[in-house]
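Pasted below: query-v3.txt, compact mmCIF, C-alpha atoms.
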# COMPACT_ATOMS: atom_id res chain seq x y z
CA MET A 1 252.70 214.45 148.19
CA ASN A 2 250.23 211.78 149.28
CA GLU A 3 249.46 209.16 146.61
CA VAL A 4 245.76 210.05 146.68
CA PHE A 5 246.55 213.69 145.97
CA GLU A 6 248.86 212.68 143.13
CA LYS A 7 245.95 210.79 141.54
CA ILE A 8 243.68 213.80 142.03
CA GLU A 9 246.26 216.02 140.36
CA ASN A 10 246.43 213.62 137.43
CA GLU A 11 242.65 213.71 136.98
CA ARG A 12 242.45 217.51 137.43
CA ILE A 13 238.62 217.53 137.56
CA ILE A 14 236.54 216.00 140.35
CA PRO A 15 232.85 215.38 139.59
CA VAL A 16 230.91 216.32 142.73
CA ILE A 17 227.95 213.96 142.78
CA LYS A 18 224.67 213.87 144.68
CA ILE A 19 223.09 210.41 144.55
CA SER A 20 219.41 210.22 145.48
CA ASP A 21 218.71 206.90 143.73
CA LEU A 22 221.20 204.13 144.46
CA ASN A 23 220.37 202.41 141.17
CA LYS A 24 221.91 205.38 139.34
CA ALA A 25 225.33 205.13 141.01
CA VAL A 26 227.01 202.49 138.85
CA PRO A 27 225.69 203.62 135.43
CA LEU A 28 226.61 207.20 136.34
CA MET A 29 230.16 206.18 137.16
CA LYS A 30 230.36 204.22 133.92
CA ALA A 31 229.31 207.34 132.01
CA LEU A 32 232.10 209.30 133.70
CA VAL A 33 234.69 206.59 133.03
CA ASP A 34 233.60 206.39 129.40
CA GLY A 35 234.13 210.14 129.24
CA GLY A 36 237.66 209.87 130.60
CA LEU A 37 237.35 210.59 134.33
CA ASN A 38 238.31 207.97 136.90
CA ILE A 39 237.42 209.89 140.04
CA ALA A 40 234.27 210.85 141.91
CA GLU A 41 233.29 212.73 145.06
CA ILE A 42 230.02 211.40 146.44
CA THR A 43 228.46 214.01 148.68
CA PHE A 44 226.88 213.09 151.99
CA ARG A 45 223.79 215.12 151.18
CA THR A 46 221.58 212.06 150.85
CA LYS A 47 221.11 208.86 152.85
CA GLU A 48 222.29 206.84 149.84
CA ALA A 49 225.80 208.33 149.88
CA ALA A 50 227.59 205.56 151.78
CA SER A 51 225.90 202.81 149.79
CA ALA A 52 226.72 204.61 146.53
CA ILE A 53 230.39 204.76 147.49
CA LYS A 54 230.41 201.06 148.25
CA CYS A 55 228.69 200.16 144.96
CA ILE A 56 231.07 202.26 142.89
CA ARG A 57 234.17 200.92 144.64
CA GLU A 58 233.01 197.35 143.97
CA ALA A 59 232.09 197.98 140.33
CA PHE A 60 235.11 200.16 139.48
CA PRO A 61 238.13 199.15 141.61
CA HIS A 62 240.43 201.46 139.63
CA VAL A 63 238.32 204.59 140.28
CA LEU A 64 239.32 206.97 143.08
CA VAL A 65 236.23 207.56 145.20
CA GLY A 66 235.94 210.24 147.85
CA ALA A 67 233.21 211.33 150.23
CA GLY A 68 232.16 214.96 150.16
CA THR A 69 230.22 217.25 152.50
CA VAL A 70 231.71 215.37 155.45
CA ILE A 71 230.84 217.71 158.31
CA ASN A 72 231.52 215.51 161.34
CA SER A 73 233.41 212.42 162.47
CA GLN A 74 230.29 210.23 162.29
CA MET A 75 229.99 210.89 158.56
CA ALA A 76 233.73 210.30 158.20
CA LEU A 77 233.38 206.87 159.80
CA GLN A 78 230.46 205.97 157.52
CA ALA A 79 232.52 207.05 154.52
CA LYS A 80 235.52 205.00 155.59
CA GLU A 81 233.42 201.89 156.21
CA ALA A 82 231.88 202.30 152.75
CA GLY A 83 235.33 202.37 151.17
CA ALA A 84 235.94 206.08 150.58
CA GLN A 85 239.59 206.75 149.76
CA PHE A 86 239.52 210.41 150.73
CA LEU A 87 237.27 212.90 152.50
CA VAL A 88 236.25 216.43 151.59
CA SER A 89 234.67 218.87 154.02
CA PRO A 90 233.12 222.28 153.33
CA GLY A 91 234.83 223.86 156.31
CA PHE A 92 237.61 223.33 158.84
CA ASN A 93 236.15 221.25 161.67
CA PRO A 94 238.78 220.36 164.31
CA ALA A 95 236.90 217.18 165.30
CA THR A 96 236.78 215.93 161.70
CA VAL A 97 240.42 216.88 161.21
CA ARG A 98 241.40 214.94 164.33
CA TRP A 99 239.40 211.88 163.24
CA ALA A 100 240.94 211.87 159.77
CA LYS A 101 244.44 212.06 161.21
CA GLU A 102 243.82 209.31 163.73
CA ASN A 103 242.36 207.07 161.02
CA ARG A 104 244.95 208.01 158.40
CA LEU A 105 242.34 208.84 155.80
CA PRO A 106 243.27 211.78 153.53
CA LEU A 107 241.09 214.82 154.15
CA VAL A 108 240.68 217.97 152.06
CA PRO A 109 239.26 220.51 154.51
CA GLY A 110 237.45 223.57 153.24
CA VAL A 111 238.83 227.08 153.66
CA ALA A 112 237.79 230.50 152.45
CA THR A 113 240.07 232.90 154.32
CA ALA A 114 243.71 233.42 155.21
CA THR A 115 242.93 232.66 158.85
CA GLU A 116 241.49 229.26 157.95
CA ILE A 117 244.50 228.49 155.74
CA GLU A 118 246.80 229.27 158.67
CA MET A 119 244.76 226.92 160.85
CA ALA A 120 245.15 224.19 158.25
CA LEU A 121 248.89 224.77 157.97
CA MET A 122 249.19 224.39 161.74
CA GLU A 123 247.73 220.90 161.26
CA ASN A 124 250.17 220.16 158.41
CA PHE A 125 247.62 220.06 155.59
CA GLU A 126 249.09 220.56 152.13
CA VAL A 127 245.91 220.40 150.02
CA LEU A 128 242.83 222.49 150.83
CA LYS A 129 239.39 222.93 149.33
CA PHE A 130 238.72 226.58 148.41
CA PHE A 131 234.98 226.94 148.93
CA PRO A 132 232.76 228.54 147.77
CA ALA A 133 235.31 229.56 145.18
CA GLU A 134 233.46 231.99 142.93
CA ILE A 135 231.66 233.78 145.74
CA MET A 136 234.90 234.18 147.71
CA GLY A 137 236.82 235.85 144.89
CA GLY A 138 237.62 233.00 142.52
CA VAL A 139 240.87 233.15 140.58
CA LYS A 140 241.74 236.60 141.94
CA MET A 141 241.65 235.28 145.49
CA LEU A 142 243.79 232.27 144.56
CA LYS A 143 246.34 234.63 143.05
CA ALA A 144 246.33 236.62 146.29
CA PHE A 145 246.94 233.46 148.33
CA LYS A 146 250.13 232.64 146.39
CA GLY A 147 252.26 235.22 148.18
CA PRO A 148 251.67 234.32 151.83
CA PHE A 149 250.99 230.62 151.17
CA PRO A 150 253.36 229.52 148.38
CA ASP A 151 253.31 225.82 149.26
CA VAL A 152 249.55 225.35 149.58
CA LYS A 153 247.60 223.59 146.82
CA PHE A 154 243.90 224.25 146.41
CA ILE A 155 240.90 222.40 145.01
CA PRO A 156 238.45 225.22 144.17
CA THR A 157 234.81 224.14 144.32
CA GLY A 158 231.61 226.13 144.12
CA GLY A 159 230.71 227.96 140.95
CA ILE A 160 233.19 226.12 138.74
CA THR A 161 231.83 225.58 135.23
CA GLN A 162 232.91 224.36 131.83
CA GLU A 163 233.38 228.01 130.88
CA ASN A 164 235.65 229.09 133.77
CA LYS A 165 237.45 225.87 134.74
CA ALA A 166 240.44 226.58 132.50
CA SER A 167 241.18 229.86 134.28
CA TYR A 168 241.32 228.01 137.60
CA LEU A 169 243.40 225.11 136.30
CA ALA A 170 245.92 227.57 134.86
CA GLU A 171 246.88 228.69 138.37
CA LYS A 172 249.97 226.92 139.74
CA ASN A 173 248.48 226.62 143.23
CA VAL A 174 245.44 224.72 141.93
CA LEU A 175 245.71 220.94 142.21
CA ALA A 176 242.32 220.23 140.63
CA VAL A 177 238.81 221.67 140.50
CA GLY A 178 235.54 220.22 141.73
CA GLY A 179 232.27 220.74 139.92
CA THR A 180 228.83 219.48 139.01
CA TRP A 181 228.42 220.75 135.47
CA MET A 182 228.79 217.27 133.94
CA VAL A 183 226.73 215.53 136.64
CA LYS A 184 223.74 217.82 137.12
CA GLU A 185 220.85 216.34 139.07
CA ASN A 186 218.39 216.45 136.18
CA LEU A 187 220.79 214.50 133.96
CA ILE A 188 221.20 211.83 136.62
CA GLN A 189 217.48 211.62 137.37
CA LYS A 190 216.67 211.16 133.67
CA SER A 191 219.52 208.64 133.17
CA ARG A 192 221.04 210.74 130.39
CA TRP A 193 224.29 208.81 130.51
CA ASP A 194 225.34 209.64 126.94
CA GLU A 195 225.05 213.35 127.68
CA ILE A 196 227.09 212.97 130.87
CA THR A 197 229.78 211.13 128.90
CA TYR A 198 229.74 213.90 126.27
CA LEU A 199 230.05 216.65 128.90
CA THR A 200 232.84 214.75 130.61
CA LYS A 201 234.81 214.43 127.39
CA ALA A 202 234.25 218.13 126.71
CA SER A 203 235.52 219.04 130.17
CA LEU A 204 238.82 217.30 129.44
CA SER A 205 239.40 218.99 126.09

Representation of the structure as structure tokens:
Amino acid sequence: MNEVFEKIENERIIPVIKISDLNKAVPLMKALVDGGLNIAEITFRTKEAASAIKCIREAFPHVLVGAGTVINSQMALQAKEAGAQFLVSPGFNPATVRWAKENRLPLVPGVATATEIEMALMENFEVLKFFPAEIMGGVKMLKAFKGPFPDVKFIPTGGITQENKASYLAEKNVLAVGGTWMVKENLIQKSRWDEITYLTKASLS
């Protein structure tokens, strides 16, 4: 398995973060690190995403930083130039897949169906994002995928919470889960770093 994916498996939980204020990026990451997580997925849902990745990489060299919601090769390039160590996409875009392979940057493409998983296997992907997890059947769907796709590992994202994360992580075909419950927008906007640290610690217990 790729070294990046080994680190993700060790962390088990990926905070999926939307940064609207660049000044919040470093203190937010510190709150997560203080809580025990050394990984972050910064989503490209705001114009500050690339700058946030760069700031976090510089402030926390040991933290694994990925770029999320990467829906085209232009975003992928921005993420790479900012220092992203892996990419996550909501769907399976052949152009993004091709770019990631050519640039040797680990990509976790999103899938929701058996057909999409087969497409990913044809491109030799071993780790896939299952999205949106809860809407698409959650743990029951992951159990169903085990039979036809025994070697695929999933990172379920979408609807994962503190209350249901354990049921996902108990599945052998789950590498890690992605979620926002410890990094909700209102907590970030109000700089409630102590609460984020508390929620992060709780998520690891």

Report task. Name all residues at most 12 Å from Pro156 (chain A) (count only C-alpha atoms; drop same-chain ones fewer than 5 positions away) and give them as a PyMOL selection string. Result -> chain A and resi 12-14+16+88+90+108-112+127-139+141-142+161+164-169+171+173-179

Per-residue nearest contacts region 18-43 of chain A to region 77-83 of chain A, cut-off 12 Å, using all atoms listed in the file, as a Markdown table:
| residue | atom | partner | partner_atom | distance |
| --- | --- | --- | --- | --- |
| A:Glu41 | CA | A:Ala79 | CA | 11.1 |
| A:Ile42 | CA | A:Ala79 | CA | 9.5 |
| A:Thr43 | CA | A:Ala79 | CA | 10.0 |

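Interatomic distance, CA of Ser205 (chain A) to CA of Phe154 (chain A): 21.5 Å.
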
Query raised in the report: With only C-alpha atoms as the atoms that count, which of A:Val4, A:Gly91, A:Arg192, A:Thr46 lies nearest to Thr157 (chain A)?
Result: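 Checking each of A:Val4, A:Gly91, A:Arg192, A:Thr46 against Thr157 (chain A), counting only C-alpha atoms, the winner is A:Gly91.
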
Query raised in the report: Of the candidates A:Ala84, A:Ala144, A:Ala120, A:Ile155, which shows the shortest atom-to-atom distance to Glu9 (chain A), using all atoms listed in the file?
Result: A:Ile155

Requested in this report: Find the residues near region 17-27 of chain A: any atom within 8 Å, counting all atoms listed in the file, skip ones fewer than 5 places away on the same chain, and give them as number ranges by chain.
Outcome: A: 40-49, 51-52, 55-56, 59, 180, 183, 185, 188-189, 191, 193

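Considering the residues A:Gln74, A:Thr200, A:Gln85, A:Asn93 and counting only C-alpha atoms, Glu116 (chain A) has its shortest atom-to-atom contact with A:Asn93.
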
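In this model, the gap between CA of Ile117 (chain A) and CA of Pro15 (chain A) comes to 23.8 Å.
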
Query raised in the report: When you draw a straight line from CA of Arg98 (chain A) to CA of Asn10 (chain A), how long is it in Å?
Result: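 These two atoms are separated by 27.4 Å.
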
Query raised in the report: Ile39 (chain A): which residues within 9 Å, counting only C-alpha atoms, same-chain residues fewer than 5 positions away excluded, as number ranges by chain?
Result: A: 7-8, 11, 13-15, 29, 32-33, 62-66

Query raised in the report: Between A:Leu37, A:Ile71, A:Leu28, A:Met119, which has the minimum distance to Leu204 (chain A) (counting all atoms listed in the file)?
Result: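 Closest to Leu204 (chain A), using all atoms listed in the file: A:Leu37.
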
Query - Who sits within 10 Å of Pro148 (chain A), all atoms listed in the file, same chain under 3 positions skipped, as a list in words - result: Ala114, Glu118, Ala144, Phe145, Asp151 and Val152 of chain A

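Around the point (228.7, 222.8, 133.1), within 6 Å and counting all atoms listed in the file, we find these residues: A:Thr161, A:Gln162, A:Trp181, A:Met182.
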
Go ahead and write the residues just picked, C-alpha atoms, as a PDB file, keeping the file's coordinate frame.
ATOM      1  CA  THR A 161     231.830 225.580 135.230  1.00  0.00           C
ATOM      2  CA  GLN A 162     232.910 224.360 131.830  1.00  0.00           C
ATOM      3  CA  TRP A 181     228.420 220.750 135.470  1.00  0.00           C
ATOM      4  CA  MET A 182     228.790 217.270 133.940  1.00  0.00           C
TER       5      MET A 182
END

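Shortest separation to Phe86 (chain A) among A:Leu187, A:Phe5, A:Ala202, A:Ala50 occurs at residue A:Phe5, atoms counted being all atoms listed in the file.
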